[in-house]
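S.K.: Dropping in model_11.cif, with mmCIF, C-alpha atoms and all ligand atoms.
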```cif
data_entry
loop_
_atom_site.label_atom_id
_atom_site.label_comp_id
_atom_site.auth_asym_id
_atom_site.auth_seq_id
_atom_site.Cartn_x
_atom_site.Cartn_y
_atom_site.Cartn_z
CA MET X 1 112.76 121.38 133.90
CA SER X 2 109.20 122.20 134.99
CA GLY X 3 107.39 120.18 137.63
CA THR X 4 105.46 118.22 135.02
CA LYS X 5 108.59 117.52 132.98
CA SER X 6 110.42 116.48 136.13
CA LEU X 7 107.61 114.06 136.81
CA VAL X 8 107.84 112.66 133.28
CA PHE X 9 111.60 112.21 133.71
CA ALA X 10 111.14 110.60 137.13
CA VAL X 11 108.57 108.19 135.68
CA ALA X 12 110.98 107.34 132.86
CA LEU X 13 113.75 106.70 135.39
CA ALA X 14 111.51 104.56 137.60
CA CYS X 15 110.34 102.69 134.51
CA LEU X 16 113.91 102.01 133.43
CA LEU X 17 114.70 100.41 136.75
CA THR X 18 112.34 97.53 136.03
CA GLN X 19 113.35 94.66 133.75
CA SER X 20 110.17 94.70 131.67
CA CYS X 21 110.46 98.39 131.01
CA ALA X 22 114.16 98.08 130.21
CA ARG X 23 113.22 95.65 127.45
CA ALA X 24 110.55 98.02 126.19
CA VAL X 25 113.13 100.81 126.01
CA GLU X 26 115.27 98.63 123.75
CA THR X 27 112.55 98.89 121.12
CA THR X 28 111.77 102.56 121.64
CA SER X 29 111.96 104.49 118.42
CA PRO X 30 114.77 107.02 118.25
CA ILE X 31 113.89 110.58 117.43
CA ASP X 32 114.15 112.29 114.09
CA LYS X 33 115.66 115.71 114.74
CA GLN X 34 114.55 117.00 111.34
CA SER X 35 110.99 116.07 112.16
CA VAL X 36 111.28 117.93 115.43
CA SER X 37 112.57 121.02 113.62
CA ALA X 38 109.75 120.74 111.10
CA GLN X 39 107.26 120.62 113.95
CA GLN X 40 108.76 123.72 115.47
CA ALA X 41 108.45 125.52 112.12
CA SER X 42 104.90 124.44 111.41
CA PRO X 43 102.17 127.01 112.14
CA GLY X 44 100.49 126.51 115.46
CA GLY X 45 102.77 123.61 116.35
CA GLN X 46 100.47 121.10 114.68
CA VAL X 47 101.57 117.53 115.22
CA SER X 48 101.74 115.11 112.32
CA SER X 49 101.53 111.39 112.90
CA ASP X 50 103.96 110.22 110.23
CA ILE X 51 107.28 110.69 112.05
CA GLU X 52 109.69 107.86 111.36
CA PRO X 53 112.80 106.95 113.30
CA ALA X 54 115.95 108.37 111.71
CA LEU X 55 118.71 107.16 114.01
CA GLU X 56 119.80 103.57 113.48
CA GLY X 57 122.39 101.38 115.12
CA PRO X 58 124.19 101.83 118.42
CA LEU X 59 124.95 105.32 119.63
CA PRO X 60 128.63 106.32 119.68
CA HIS X 61 128.98 105.96 123.44
CA LYS X 62 127.80 102.36 123.16
CA GLN X 63 130.34 101.59 120.45
CA HIS X 64 132.97 103.08 122.71
CA ALA X 65 131.82 100.88 125.58
CA GLN X 66 132.07 97.78 123.38
CA CYS X 67 135.54 98.84 122.25
CA CYS X 68 136.50 99.23 125.91
CA LYS X 69 135.49 95.67 126.64
CA MET X 70 137.80 94.40 123.90
CA THR X 71 140.72 96.35 125.27
CA ALA X 72 140.02 95.81 128.94
CA SER X 73 143.59 94.78 129.69
CA THR X 74 145.10 97.98 128.35
CA GLY X 75 144.11 101.41 129.51
CA ALA X 76 140.80 100.13 130.79
CA ALA X 77 140.12 103.00 133.13
CA CYS X 78 140.81 105.64 130.47
CA CYS X 79 138.51 103.78 128.14
CA ALA X 80 135.74 103.75 130.70
CA ALA X 81 136.18 107.47 131.30
CA GLY X 82 135.98 107.97 127.52
CA ALA X 83 132.70 106.06 127.37
CA TRP X 84 131.26 108.47 129.87
CA THR X 85 132.62 111.55 128.14
CA ASP X 86 131.22 110.35 124.81
CA ALA X 87 127.82 109.74 126.34
CA VAL X 88 127.28 113.30 127.51
CA PRO X 89 126.85 114.97 124.06
CA ASP X 90 124.44 112.19 123.00
CA ALA X 91 122.38 112.69 126.11
CA ASP X 92 122.44 116.48 125.84
CA ALA X 93 121.21 116.38 122.22
CA LEU X 94 118.47 113.94 123.07
CA MET X 95 117.41 116.00 126.06
CA LYS X 96 116.96 119.01 123.78
CA ASP X 97 114.78 116.89 121.48
CA ALA X 98 112.77 115.70 124.45
CA ASP X 99 112.26 119.26 125.67
CA THR X 100 111.10 120.27 122.20
CA PHE X 101 108.60 117.42 122.08
CA TYR X 102 107.35 118.49 125.46
CA GLU X 103 106.89 122.09 124.36
CA LEU X 104 104.92 120.82 121.35
CA GLY X 105 102.63 118.84 123.62
CA ARG X 106 103.89 115.52 122.25
CA TYR X 107 104.13 113.93 125.65
CA ARG X 108 104.50 110.32 124.50
CA ASP X 109 107.46 111.23 122.25
CA ALA X 110 108.92 113.35 125.04
CA ALA X 111 108.64 110.44 127.46
CA ASP X 112 110.37 108.14 124.95
CA ALA X 113 113.19 110.62 124.55
CA TYR X 114 113.62 111.10 128.28
CA ARG X 115 113.78 107.31 128.67
CA ARG X 116 116.58 107.18 126.13
CA VAL X 117 118.51 109.88 127.99
CA VAL X 118 118.31 107.77 131.13
CA ARG X 119 119.38 104.76 129.09
CA ILE X 120 122.46 106.55 127.72
CA TYR X 121 123.66 107.48 131.17
CA SER X 122 122.79 104.03 132.48
CA ASP X 123 124.83 102.34 129.70
CA ALA X 124 127.77 104.69 130.22
CA LEU X 125 127.77 104.05 133.97
CA ASP X 126 127.68 100.30 133.29
CA ALA X 127 130.69 100.71 130.99
CA VAL X 128 132.58 102.63 133.64
CA ALA X 129 131.62 100.12 136.35
CA SER X 130 132.62 97.14 134.20
CA GLN X 131 136.14 98.52 133.85
CA MET X 132 136.66 99.21 137.52
CA PRO X 133 138.15 96.54 139.76
CA ALA X 134 135.71 94.99 142.21
CA VAL X 135 136.14 96.55 145.63
CA THR X 136 135.68 94.07 148.44
CA ALA X 137 137.68 95.89 151.10
CA ASP X 138 136.06 97.11 154.31
CA ALA X 139 134.62 100.63 154.25
CA THR X 140 136.69 101.59 157.28
CA VAL X 141 139.81 100.07 158.85
CA SER X 142 141.43 100.74 162.22
CA VAL X 143 145.10 99.74 162.45
CA ASP X 144 146.59 99.06 165.90
CA ILE X 145 150.16 100.41 166.01
CA GLY X 146 150.76 99.46 169.64
CA GLY X 147 150.82 101.43 172.86
CA GLY X 148 147.04 101.81 172.68
CA VAL X 149 147.37 103.93 169.55
CA ARG X 150 145.33 103.32 166.40
CA LEU X 151 145.13 104.76 162.90
CA ASP X 152 141.64 105.03 161.39
CA PHE X 153 141.15 104.90 157.64
CA VAL X 154 138.27 105.37 155.21
CA LEU X 155 138.08 103.37 151.96
CA ILE X 156 138.17 105.54 148.85
CA LYS X 157 136.81 103.65 145.85
CA PRO X 158 138.14 104.10 142.30
CA GLY X 159 136.38 106.58 140.06
CA THR X 160 136.66 109.52 137.70
CA PHE X 161 136.40 113.18 138.66
CA LYS X 162 137.12 116.61 137.26
CA MET X 163 140.35 117.95 138.78
CA GLY X 164 141.00 121.69 138.96
CA THR X 165 138.71 124.66 138.44
CA THR X 166 138.35 127.68 136.19
CA ASP X 167 137.24 129.62 139.27
CA GLY X 168 140.59 129.62 141.07
CA GLU X 169 144.27 130.39 140.44
CA SER X 170 146.35 129.97 137.29
CA ASP X 171 147.84 126.61 138.33
CA GLU X 172 144.37 125.07 138.73
CA VAL X 173 143.62 124.91 134.98
CA PRO X 174 142.82 123.22 132.72
CA VAL X 175 140.05 121.33 134.43
CA HIS X 176 140.75 117.75 133.36
CA ALA X 177 139.19 114.33 133.89
CA VAL X 178 141.27 112.17 136.22
CA THR X 179 140.61 108.52 136.97
CA ILE X 180 141.76 106.96 140.21
CA THR X 181 142.07 103.32 139.18
CA LYS X 182 142.85 101.62 142.48
CA PRO X 183 140.96 101.62 145.78
CA PHE X 184 142.95 103.17 148.60
CA TYR X 185 142.57 104.03 152.25
CA LEU X 186 142.94 107.60 153.46
CA GLY X 187 143.30 108.78 157.05
CA ARG X 188 139.95 109.74 158.52
CA VAL X 189 141.74 112.65 160.21
CA GLU X 190 145.11 114.40 160.08
CA VAL X 191 147.95 112.54 161.84
CA THR X 192 147.78 113.38 165.55
CA GLN X 193 150.56 114.09 168.01
CA ARG X 194 149.65 110.88 169.90
CA GLN X 195 150.32 108.92 166.68
CA TRP X 196 153.46 110.87 165.82
CA VAL X 197 154.96 110.35 169.30
CA ARG X 198 154.17 106.62 169.20
CA VAL X 199 156.30 106.30 166.05
CA MET X 200 158.97 109.00 166.49
CA ASP X 201 159.19 109.41 170.30
CA THR X 202 159.33 113.19 169.98
CA ASP X 203 156.76 115.92 169.34
CA PRO X 204 157.81 118.86 167.17
CA SER X 205 154.42 120.59 167.40
CA ARG X 206 154.02 124.24 168.26
CA PHE X 207 150.42 123.68 169.44
CA LYS X 208 150.54 120.78 171.93
CA GLY X 209 147.90 118.14 172.66
CA PRO X 210 147.65 114.37 172.02
CA ASP X 211 144.55 114.72 169.84
CA MET X 212 145.86 117.81 168.08
CA PRO X 213 147.25 117.33 164.58
CA VAL X 214 151.05 117.14 164.52
CA ASP X 215 152.33 120.45 163.13
CA SER X 216 155.74 121.87 162.23
CA VAL X 217 156.64 118.78 160.20
CA SER X 218 158.48 119.04 156.88
CA TRP X 219 157.73 116.83 153.89
CA TYR X 220 160.96 114.94 154.63
CA ASP X 221 159.89 114.52 158.30
CA CYS X 222 156.65 112.94 157.06
CA GLU X 223 158.61 110.54 154.84
CA GLU X 224 160.77 109.57 157.84
CA PHE X 225 157.63 109.00 159.95
CA LEU X 226 156.11 106.81 157.23
CA LYS X 227 159.32 104.77 156.91
CA LYS X 228 159.32 104.04 160.64
CA LEU X 229 155.56 103.43 160.70
CA ASN X 230 155.97 100.81 157.97
CA GLU X 231 158.59 99.11 160.13
CA ILE X 232 156.28 99.11 163.17
CA SER X 233 153.22 98.01 161.18
CA PRO X 234 154.41 96.18 158.06
CA GLY X 235 152.22 95.02 155.18
CA HIS X 236 150.35 98.22 154.41
CA ASP X 237 152.91 100.41 152.63
CA PHE X 238 151.70 103.61 154.29
CA ARG X 239 152.48 106.70 152.20
CA LEU X 240 151.40 110.27 151.50
CA PRO X 241 148.40 110.64 149.16
CA THR X 242 149.01 111.96 145.68
CA GLU X 243 147.63 115.40 144.95
CA ALA X 244 144.98 113.81 142.68
CA GLU X 245 143.94 111.31 145.36
CA TRP X 246 143.68 114.15 147.85
CA GLU X 247 141.42 116.33 145.64
CA TYR X 248 139.30 113.30 144.62
CA ALA X 249 138.77 112.41 148.28
CA CYS X 250 138.17 116.02 149.33
CA ARG X 251 135.54 116.59 146.65
CA ALA X 252 133.84 113.28 147.49
CA GLY X 253 131.76 113.48 144.33
CA THR X 254 131.09 117.22 144.59
CA THR X 255 132.05 119.86 141.99
CA SER X 256 131.55 122.97 144.13
CA ARG X 257 134.32 125.15 145.58
CA TRP X 258 134.06 123.34 148.92
CA TRP X 259 132.49 119.93 149.46
CA PHE X 260 129.71 121.62 151.40
CA GLY X 261 128.89 124.12 148.66
CA GLY X 262 129.98 127.14 146.73
CA ASP X 263 129.86 129.81 149.41
CA GLU X 264 132.67 130.45 151.83
CA MET X 265 130.33 131.31 154.68
CA PRO X 266 129.42 129.78 156.95
CA MET X 267 132.57 127.67 157.35
CA GLU X 268 132.03 127.18 161.10
CA PRO X 269 130.52 123.69 160.86
CA PHE X 270 133.02 122.45 158.27
CA GLY X 271 136.52 123.86 158.52
CA TRP X 272 139.00 125.64 160.81
CA VAL X 273 140.17 128.70 158.88
CA ASP X 274 141.24 132.14 160.08
CA THR X 275 137.69 133.33 160.65
CA THR X 276 136.60 130.26 162.65
CA SER X 277 139.72 129.03 164.46
CA LEU X 278 140.72 131.96 166.74
CA ASN X 279 144.09 131.49 165.03
CA ASP X 280 144.85 128.12 166.63
CA PRO X 281 144.60 124.62 165.17
CA HIS X 282 142.05 122.35 166.85
CA PRO X 283 141.87 118.69 167.88
CA VAL X 284 141.16 116.54 164.82
CA GLY X 285 137.70 115.40 163.79
CA ARG X 286 135.59 117.91 165.75
CA LEU X 287 133.69 119.40 162.79
CA GLN X 288 131.43 117.78 160.20
CA PRO X 289 133.04 115.18 157.91
CA ASN X 290 132.71 115.33 154.14
CA PRO X 291 130.32 112.92 152.34
CA TRP X 292 132.99 110.19 152.36
CA GLY X 293 133.62 110.49 156.11
CA LEU X 294 136.86 112.52 156.05
CA TYR X 295 137.42 115.30 158.60
CA ASP X 296 139.27 118.62 158.31
CA MET X 297 139.84 118.40 154.56
CA HIS X 298 139.13 122.12 154.52
CA GLY X 299 141.39 123.90 157.00
CA ASN X 300 143.00 123.03 160.34
CA LEU X 301 146.46 122.12 158.91
CA TRP X 302 147.75 122.16 155.35
CA GLU X 303 148.41 118.56 154.29
CA TRP X 304 151.55 117.46 152.47
CA CYS X 305 151.02 115.36 149.33
CA SER X 306 153.59 113.16 147.60
CA ASP X 307 153.79 115.18 144.35
CA TRP X 308 156.25 117.80 143.27
CA TRP X 309 154.34 120.95 142.34
CA GLY X 310 154.34 122.14 138.74
CA HIS X 311 152.50 125.29 137.67
CA ASP X 312 151.61 123.89 134.23
CA TYR X 313 151.31 120.25 135.23
CA TYR X 314 147.52 120.00 134.65
CA GLY X 315 148.06 120.65 130.93
CA GLN X 316 150.20 117.53 130.59
CA SER X 317 148.92 115.32 133.40
CA PRO X 318 148.11 111.71 132.52
CA SER X 319 144.42 110.96 132.93
CA SER X 320 144.95 107.92 135.15
CA ASP X 321 146.58 108.05 138.59
CA PRO X 322 148.74 111.15 138.01
CA GLN X 323 151.81 111.26 140.24
CA GLY X 324 152.97 114.84 139.57
CA PRO X 325 156.06 116.05 137.74
CA GLU X 326 159.16 113.88 137.85
CA TYR X 327 161.27 116.71 139.27
CA GLY X 328 160.66 119.91 141.16
CA ASP X 329 161.78 122.05 144.08
CA LYS X 330 158.47 122.43 145.91
CA LYS X 331 156.07 119.81 147.24
CA VAL X 332 152.29 120.13 147.13
CA LEU X 333 150.22 121.03 150.18
CA ARG X 334 146.41 120.92 150.18
CA GLY X 335 143.39 122.19 152.08
CA GLY X 336 144.45 125.48 153.64
CA SER X 337 144.83 125.96 157.39
CA PHE X 338 143.59 127.58 160.59
CA SER X 339 145.68 130.67 159.86
CA ASN X 340 144.62 131.20 156.24
CA PRO X 341 141.50 132.83 154.72
CA GLY X 342 138.68 130.47 153.73
CA PRO X 343 139.38 130.51 149.97
CA TYR X 344 142.79 128.90 150.63
CA SER X 345 140.90 125.81 151.79
CA ARG X 346 138.99 125.31 148.51
CA SER X 347 138.93 121.74 147.15
CA ALA X 348 140.92 122.76 144.05
CA ASN X 349 143.43 125.11 145.66
CA ARG X 350 147.06 124.03 145.35
CA GLY X 351 149.58 125.08 147.97
CA TYR X 352 153.29 124.35 147.59
CA PHE X 353 156.47 124.92 149.53
CA ASP X 354 160.05 123.82 150.06
CA PRO X 355 159.91 120.21 151.35
CA THR X 356 162.37 121.06 154.14
CA ALA X 357 160.06 123.73 155.63
CA ARG X 358 158.61 123.12 159.10
CA ARG X 359 155.73 125.52 159.55
CA ASN X 360 153.24 125.49 162.39
CA ASN X 361 150.31 125.18 159.98
CA TYR X 362 151.73 122.18 158.05
CA GLY X 363 150.64 118.60 158.77
CA PHE X 364 149.54 115.54 156.77
CA ARG X 365 147.36 112.48 156.59
CA ILE X 366 148.26 108.92 155.61
CA ALA X 367 147.23 106.90 152.54
CA TRP X 368 147.80 103.30 151.49
CA THR X 369 146.71 101.33 148.46
CA VAL X 370 144.35 98.39 148.94
CA LYS X 371 146.20 95.23 147.94
CA CA X 401 143.43 119.83 156.81
CA CA X 402 147.09 128.15 145.27
#
```
Write the structure described by the file as structure tokens, please.
Ligand SMILES: [Ca+2]
Ligand SMILES: [Ca+2]

M.R.:
Amino acid sequence: MSGTKSLVFAVALACLLTQSCARAVETTSPIDKQSVSAQQASPGGQVSSDIEPALEGPLPHKQHAQCCKMTASTGAACCAAGAWTDAVPDADALMKDADTFYELGRYRDAADAYRRVVRIYSDALDAVASQMPAVTADATVSVDIGGGVRLDFVLIKPGTFKMGTTDGESDEVPVHAVTITKPFYLGRVEVTQRQWVRVMDTDPSRFKGPDMPVDSVSWYDCEEFLKKLNEISPGHDFRLPTEAEWEYACRAGTTSRWWFGGDEMPMEPFGWVDTTSLNDPHPVGRLQPNPWGLYDMHGNLWEWCSDWWGHDYYGQSPSSDPQGPEYGDKKVLRGGSFSNPGPYSRSANRGYFDPTARRNNYGFRIAWTVK
């Protein structure tokens, strides 16, 4: 979009945010695509003044949103995601019309069209928001587990994101919309050795230090830790994150290969990988957090997730709160590690290994669902 067009769009957006303008948009005439095509075909791009609205009634995405409201008790989150998905083609088509009007010098019609694009997205977002449970939990929580040891969590709100990538490995496709329907807390950092020792009394780590992430823990070791932690600090139901929760939280609203962008370099400010770590893990939380306040999502230690790994699982995954295949022989690990190349730490990359394995680049972080 050119600078002038950007300005027109910005004005339309600003206008929409006021009540009076929102009412005016309700009465804005829709655009007749045939008239637009006729204008394009006419010599010299002459503009006629007899264009009549051709589109009548609610747009499909709006019908979908209304349908969602009627079925709010069943599959509400999927419905909301559908409202959004349906809105995109409407908005894309209208944006093309708006661009055409602009090219023809019909700035008033272009402005009307841009306003309607904003309106479509605004309606779709309202539909999504109306189906999501209200989140009243604190943005961060620190849980005292005794002995002067605490666990710090960040609230992850429900939402929809695109899981997987076409720019990765064969188990990362198809890219599919996934909705996380319940708010949950996720560890701000990987579980440290101080926390592990508080619960288990022993430290299996190869790389020692109280603020270092606990390493050399198997998936089953993590489950044992969580069982004991829930006995020490009941009422939370601490657990491993699902693979979908992990990727949702890692991306934090981004669609790039890493949350900080699409280029591997420089990773120094963001993640401990083989080129930045000097081949050792590092104390947790020393680099920049992602936009949702989570540290070391790229690199430091691989993080166990609750799911069994399935190569073709994305092709059959449910769209809401996927839990992974029912059976398997390998558990999912995410985020790469200090001893792996940068691309292993991509947001979409899926690692997997035998759940009994205790490797010195395997760790985890804790999740729990907001009640
Ligand atoms: Ca990590
Ligand atoms: Ca992989």

S.K.: Between CA of Asp99 (chain X) and CA of Gly253 (chain X), what is the distance, to one decimal in Å?

M.R.: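 If I compute the distance from CA of Asp99 (chain X) to CA of Gly253 (chain X), I get 27.6 Å.
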
S.K.: Chain X near ligand CA 401 (chain X) within 8 Å: what's each residue's closest atom pair and its distance in Å to one decimal, counting all atoms listed in the file, ordered by chain then ascending residue number, as a tab-separated table?

M.R.:
```
residue	atom	partner	partner_atom	distance
X:Glu190	CA	X:CA401	CA	6.6
X:Tyr295	CA	X:CA401	CA	7.7
X:Asp296	CA	X:CA401	CA	4.6
X:Met297	CA	X:CA401	CA	4.5
X:His298	CA	X:CA401	CA	5.4
X:Gly299	CA	X:CA401	CA	4.6
X:Asn300	CA	X:CA401	CA	4.8
X:Leu301	CA	X:CA401	CA	4.3
X:Trp302	CA	X:CA401	CA	5.1
X:Glu303	CA	X:CA401	CA	5.7
X:Arg334	CA	X:CA401	CA	7.4
X:Gly335	CA	X:CA401	CA	5.3
X:Gly336	CA	X:CA401	CA	6.6
X:Ser337	CA	X:CA401	CA	6.3
X:Gly363	CA	X:CA401	CA	7.6
X:Phe364	CA	X:CA401	CA	7.5
```

S.K.: Just the number, please: distance in Å from CA of Pro213 (chain X) to CA of Gly261 (chain X), one decimal.

M.R.: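 CA of Gly261 (chain X) lies 25.2 Å from CA of Pro213 (chain X).
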
S.K.: If the limit is 9 Å from any atom of ligand CA 402 (chain X), counting all atoms listed in the file, which residues qualify? Return them as a list of chain:residue names.

M.R.: X:Gly168, X:Glu169, X:Ser170, X:Asp171, X:Glu172, X:Arg334, X:Tyr344, X:Ala348, X:Asn349, X:Arg350, X:Gly351, X:Tyr352

S.K.: What does the structure give for the distance between CA of Pro183 (chain X) and CA of Ala124 (chain X), in Å to one decimal?

M.R.: 20.6 Å

S.K.: Using the atoms already present, construct N, CA and C atoms for region 244-266 of chain X and hand them back as a PDB file, in the frame of the given file.

M.R.:
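Final file, part_5.pdb:
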```pdb
ATOM      1  N   ALA X 244     146.252 114.185 143.328  1.00  0.00           N
ATOM      2  CA  ALA X 244     144.980 113.810 142.680  1.00  0.00           C
ATOM      3  C   ALA X 244     144.110 113.005 143.642  1.00  0.00           C
ATOM      4  N   GLU X 245     144.718 112.069 144.374  1.00  0.00           N
ATOM      5  CA  GLU X 245     143.940 111.310 145.360  1.00  0.00           C
ATOM      6  C   GLU X 245     143.351 112.243 146.404  1.00  0.00           C
ATOM      7  N   TRP X 246     144.143 113.227 146.821  1.00  0.00           N
ATOM      8  CA  TRP X 246     143.680 114.150 147.850  1.00  0.00           C
ATOM      9  C   TRP X 246     142.454 114.936 147.357  1.00  0.00           C
ATOM     10  N   GLU X 247     142.546 115.514 146.141  1.00  0.00           N
ATOM     11  CA  GLU X 247     141.420 116.330 145.640  1.00  0.00           C
ATOM     12  C   GLU X 247     140.181 115.460 145.387  1.00  0.00           C
ATOM     13  N   TYR X 248     140.406 114.248 144.860  1.00  0.00           N
ATOM     14  CA  TYR X 248     139.300 113.300 144.620  1.00  0.00           C
ATOM     15  C   TYR X 248     138.578 113.023 145.941  1.00  0.00           C
ATOM     16  N   ALA X 249     139.357 112.743 146.980  1.00  0.00           N
ATOM     17  CA  ALA X 249     138.770 112.410 148.280  1.00  0.00           C
ATOM     18  C   ALA X 249     138.122 113.627 148.926  1.00  0.00           C
ATOM     19  N   CYS X 250     138.730 114.801 148.761  1.00  0.00           N
ATOM     20  CA  CYS X 250     138.170 116.020 149.330  1.00  0.00           C
ATOM     21  C   CYS X 250     136.828 116.351 148.682  1.00  0.00           C
ATOM     22  N   ARG X 251     136.783 116.275 147.362  1.00  0.00           N
ATOM     23  CA  ARG X 251     135.540 116.590 146.650  1.00  0.00           C
ATOM     24  C   ARG X 251     134.441 115.589 146.989  1.00  0.00           C
ATOM     25  N   ALA X 252     134.821 114.320 147.125  1.00  0.00           N
ATOM     26  CA  ALA X 252     133.840 113.280 147.490  1.00  0.00           C
ATOM     27  C   ALA X 252     132.612 113.329 146.586  1.00  0.00           C
ATOM     28  N   GLY X 253     132.857 113.472 145.289  1.00  0.00           N
ATOM     29  CA  GLY X 253     131.760 113.480 144.330  1.00  0.00           C
ATOM     30  C   GLY X 253     131.166 114.855 144.073  1.00  0.00           C
ATOM     31  N   THR X 254     131.639 115.883 144.792  1.00  0.00           N
ATOM     32  CA  THR X 254     131.090 117.220 144.590  1.00  0.00           C
ATOM     33  C   THR X 254     131.922 117.983 143.548  1.00  0.00           C
ATOM     34  N   THR X 255     131.322 119.031 142.955  1.00  0.00           N
ATOM     35  CA  THR X 255     132.050 119.860 141.990  1.00  0.00           C
ATOM     36  C   THR X 255     132.107 121.317 142.433  1.00  0.00           C
ATOM     37  N   SER X 256     131.588 121.596 143.619  1.00  0.00           N
ATOM     38  CA  SER X 256     131.550 122.970 144.130  1.00  0.00           C
ATOM     39  C   SER X 256     132.907 123.381 144.700  1.00  0.00           C
ATOM     40  N   ARG X 257     133.028 124.650 145.106  1.00  0.00           N
ATOM     41  CA  ARG X 257     134.320 125.150 145.580  1.00  0.00           C
ATOM     42  C   ARG X 257     134.767 124.454 146.864  1.00  0.00           C
ATOM     43  N   TRP X 258     133.825 124.170 147.735  1.00  0.00           N
ATOM     44  CA  TRP X 258     134.060 123.340 148.920  1.00  0.00           C
ATOM     45  C   TRP X 258     133.118 122.161 148.843  1.00  0.00           C
ATOM     46  N   TRP X 259     133.402 121.079 149.564  1.00  0.00           N
ATOM     47  CA  TRP X 259     132.490 119.930 149.460  1.00  0.00           C
ATOM     48  C   TRP X 259     131.115 120.256 149.981  1.00  0.00           C
ATOM     49  N   PHE X 260     131.009 121.270 150.840  1.00  0.00           N
ATOM     50  CA  PHE X 260     129.710 121.620 151.400  1.00  0.00           C
ATOM     51  C   PHE X 260     128.971 122.653 150.568  1.00  0.00           C
ATOM     52  N   GLY X 261     129.585 123.158 149.501  1.00  0.00           N
ATOM     53  CA  GLY X 261     128.890 124.120 148.660  1.00  0.00           C
ATOM     54  C   GLY X 261     129.815 125.145 148.051  1.00  0.00           C
ATOM     55  N   GLY X 262     129.205 126.163 147.463  1.00  0.00           N
ATOM     56  CA  GLY X 262     129.980 127.140 146.730  1.00  0.00           C
ATOM     57  C   GLY X 262     130.246 128.426 147.472  1.00  0.00           C
ATOM     58  N   ASP X 263     129.671 128.573 148.656  1.00  0.00           N
ATOM     59  CA  ASP X 263     129.860 129.810 149.410  1.00  0.00           C
ATOM     60  C   ASP X 263     130.815 129.589 150.563  1.00  0.00           C
ATOM     61  N   GLU X 264     131.686 130.572 150.761  1.00  0.00           N
ATOM     62  CA  GLU X 264     132.670 130.450 151.830  1.00  0.00           C
ATOM     63  C   GLU X 264     132.017 130.420 153.202  1.00  0.00           C
ATOM     64  N   MET X 265     130.977 131.217 153.368  1.00  0.00           N
ATOM     65  CA  MET X 265     130.330 131.310 154.680  1.00  0.00           C
ATOM     66  C   MET X 265     129.035 130.529 154.655  1.00  0.00           C
ATOM     67  N   PRO X 266     128.646 129.869 155.717  1.00  0.00           N
ATOM     68  CA  PRO X 266     129.420 129.780 156.950  1.00  0.00           C
ATOM     69  C   PRO X 266     130.373 128.591 156.903  1.00  0.00           C
TER      70      PRO X 266
END
```
